[in-house]
Amino acid sequence: MIRHLIRLFAMALFAAAPTSCRRGPPAPEDAGPPVPATVDSPTLALDTLFGTCVVARERLRCWGEAVPGAPDGTASGSAPSIAGAPAWPAFEPWADVPARALAGANGTGCVLTREGGLKCASRTTGYEVPLERVSAASADGDVGCAIHGGGRLSCWRFSETVPTVQPFDVAGVVDAKEVLLGDGAGCARTAAGKAYCWSLSEDRTDSPPTPFFAFASQARDLAFWGQQLCAFSPEAPPQCVGAPVPAARELRTLDDRYLAHPPLPAPPAWIAAAPALPPNATRVRSWLTADGGARGCVISDQGTLACFGPNYFGEVGDGTTLPRRSLTPVALKNVVDVALGRTHSCARLATGQVACWGSNLSRQLGRPLVGAREFAPAEVGDIVGFDLAEQGCVVLDSGAVHCWGKSYRGEAGAESCFVEPPRKIATPEPFTHVSTGANFSCAWGAEGVPHCWGHNLRGELGDGTRVDSALARPMSGLAGVVAMAGQCALVKSGALACWGDGSLSGAAAAAAPQRPYPRWSPPVRPRLVAGVSGRELRASPSGRWPVCVLSAAGSLSCLRPGLVRVPIPDQVADVAVSDDRGCARTKSGAVWCWDEVTPMQHPRRVTLDEPVSAIAVSSSAACAVQASGRTYCWGKNVLARGDSWSEPHHLNVGEPAAQLALTEHGLGCVRNRSGLVTCWDPTTSVPPTAVPELAQSAELVSGTSQICGVRAARVHCYGRWYHSSHPVILPE
């Protein structure tokens with residue numbers, strides 16, 4: 001079976017997260033807003049690792065992470081850039097060489113120069129292919145082929161240990177017009193329409209080509225479609241024949257940092273086969289993935305685009321993350337070219353503009369990670385409950401629950417990487433409250449019986465099993481819940497019950513220190529925590545603990561693991577916690593905090609010159625709003641990378657402030673007394689920016705990487721977005 005890769009005239013993309021559908025490593029620093037990416041060349045792009053490249057005005061432009069020539073996959077940029085910028089250092093010697101076309105796949109890219117030369121780069125090394133008058137090329141990993149000298153076909157194999165390549169002629173192919181490489185196979189089309197194919201084994205690139213099929217003489221644009229080889233002509237339907245080389249599937253992976261996660265959900269059986277091509281198809285691209293799935297796109301003679309596939313990251317482009325077994329229209333017109341990667345797609349329009357969609361984990365869509373979005377439940381109704389982690393869930397006045405966002409373990413109600421738009425959770429009863437945690441979500445109604453869905457390996461759902469579920473399951477033996485945070489809940493009597501890893505903080509605390517944590521098997525049903533009662537719960541949206549309990553008398557206790565009585569010499573009015581730090585605000589307006597240096601058992605009072613009305617914390621910083629509306633912050637990476645304020649520092653953002661919110665990653669928003677909201681993100685160098693989408697929100701709710709507010713029965717969010725299921729057109 002051939003895993004089909006993109007060839008000449010395609011835009012590139014080999015985004016690596018598909019071997020995993022869980023959260024990858026933190027994205028690198030953003031390089032700022034996109035620069036123009038209008039393409040006036042007849043060809044588009046090449047396949048890259050975590051990046052996208054185009055030829056624009058005879059210059060190479062690349063964006064995203066780990067495009068060819070980026071050592072260790074670290075070089076990146078969110079903005080399309082001319083070759084020679086950090087996005088493609090191996091091409092730096094040729095930054096000013098006029099380019100006219102691109103070709104490449106699996107981390108190797110080649111540029112066809114205006115003078116007919118061919119220059120290529122692997123992830124670490126650039127090299128020149130000693131051929132002249134090159135008219136077409138294709139590359140796949142360390143193998144490349146080119147048509148030159150008026151129809152000669154030559155191929156080569158590149159090695160990182162040898163700085164040069166020695167092309168050899170492929171005998172028997174005369175007057176070649178097109179060449180296409182894929183995993184384990186190469187095919188070429190001659191001017192007479194005849195197709196030749198040959199094997200590309202690890203130890204041989206020069207196996208004799210075999211005449212495979214005679215296409216019509218006017219055929220052009222050789223391409224794979226599922227397990228077929230197809231050719232297209234201006235005046236006839238597509239001609240397709242079975243795959244020429246039944247090569248074994250190879251599972252390609254990247255650095256170890258991306259491999260410590262389970263594979264994608266197994267696709268339905270129908271995804272393994274491409275749907276029938278419509279008779280008016282003029283160009284196609286398809287991809288047979290290493291996990292057994294497939295996807296593809298078709299351009300019609302009217303310039304419309306339709307795609308199919310698993311759609312884990314929205315790479316079909318229809319505005320959803322629902323799997324599509326048949327060709328589904330994409331909202332683009334006048335499409336002249338399309339290219340597929342594992343988790344994102346791009347198209348070139350007749351205007352020269354480029355549109356991309358799908359995963360944006362490495363900014364391969366050419367857009368910054370940070371921005372605003374709106375989520376509207378399909379069911380009309382007022383939102384009466386809302387919570388946010390890496391997934392978001394709302395409760396409507398009808399009792400229905402709708403969720404969206406990350407759903408690697410089903411936490412947004414579907415076994416998919418992301419859920420978009422919000423999806424209704426199938427529940428047996430109307431609910432009034434919802435709580436989101438690390439990879440799971442719960443909701444409950446008037447009876448206070450939680451129903452949970454998502455990850456359950458460590459008993460997160462509390463249903464007596466360790467089986468993940470995208471369907472809501474009732475929690476075992478718990479009722480009367482009035483509040484929930486992390487893997488703990490308060491019941492009407494004020495008692496605290498915990499389950500899963502939350503139980504390590506309470507009932508199992510005495511035994512846990514004698515047992516290494518990875519070997520400890522958390523309980524799968526709720527257990528009461530002795531000696532603790534409360535009226536409010538707080539927990540980090542990205543972790544299992546600490547879980548902090550605020551009692552009716554104003555005392556504070558936290559579980560992290562083991563029960564800690566936090567000695568605050570005053571009644572506590574509010575508490576904010578992250579994985580590594582926390583702060584308590586007293587009724588008199590004082591602030592007491594702890595972090596990785598100052599233990600929870602010995603909190604320190606923060607020196608501020610007037611009472612505080614609101615507090616918030618991230619994993620590295622804390623902020624407070626004074627009664628006058630002035631905002632002060634302290635810690636690290638507050639407004640930008642490298643900030644380090646040991647004492648409160650006046651923020652002077654969005655004042656007079658009424659509320660502030662910080663995510664675990666440090667993104668922050670301030671809502672002033674007029675309802676206007678200003679946000680910033682130190683991890684991507686986004687300065688304080690007005691966010692009108694969040695204006696007039698009743699309350700700002702912070703999650704792991706977004707901050708959201710509810711207005712007019714819709715949820716408006718600002719933060720990091722790792723995918724787009726709608727085409728994003730790069731600006732002129």
# chains A, B, ... in the order shown; residues from 1 in each chain; ligands from 1
>>> select_by_dssp(residues="region 236-463 of chain A", states="strand (DSSP E or B)", output="PyMOL selection string")
chain A and resi 236-242+281-288+294-300+305-309+324-330+335-340+344-349+354-359+370-375+383-388+391-396+401-406+418-424+433-437+440-444+451-454
>>> atom_distance(atom1="CA of Cys669 (chain A)", atom2="CA of Cys593 (chain A)")
20.5 Å
>>> atom_distance(atom1="CA of Val384 (chain A)", atom2="CA of Glu655 (chain A)")
28.6 Å
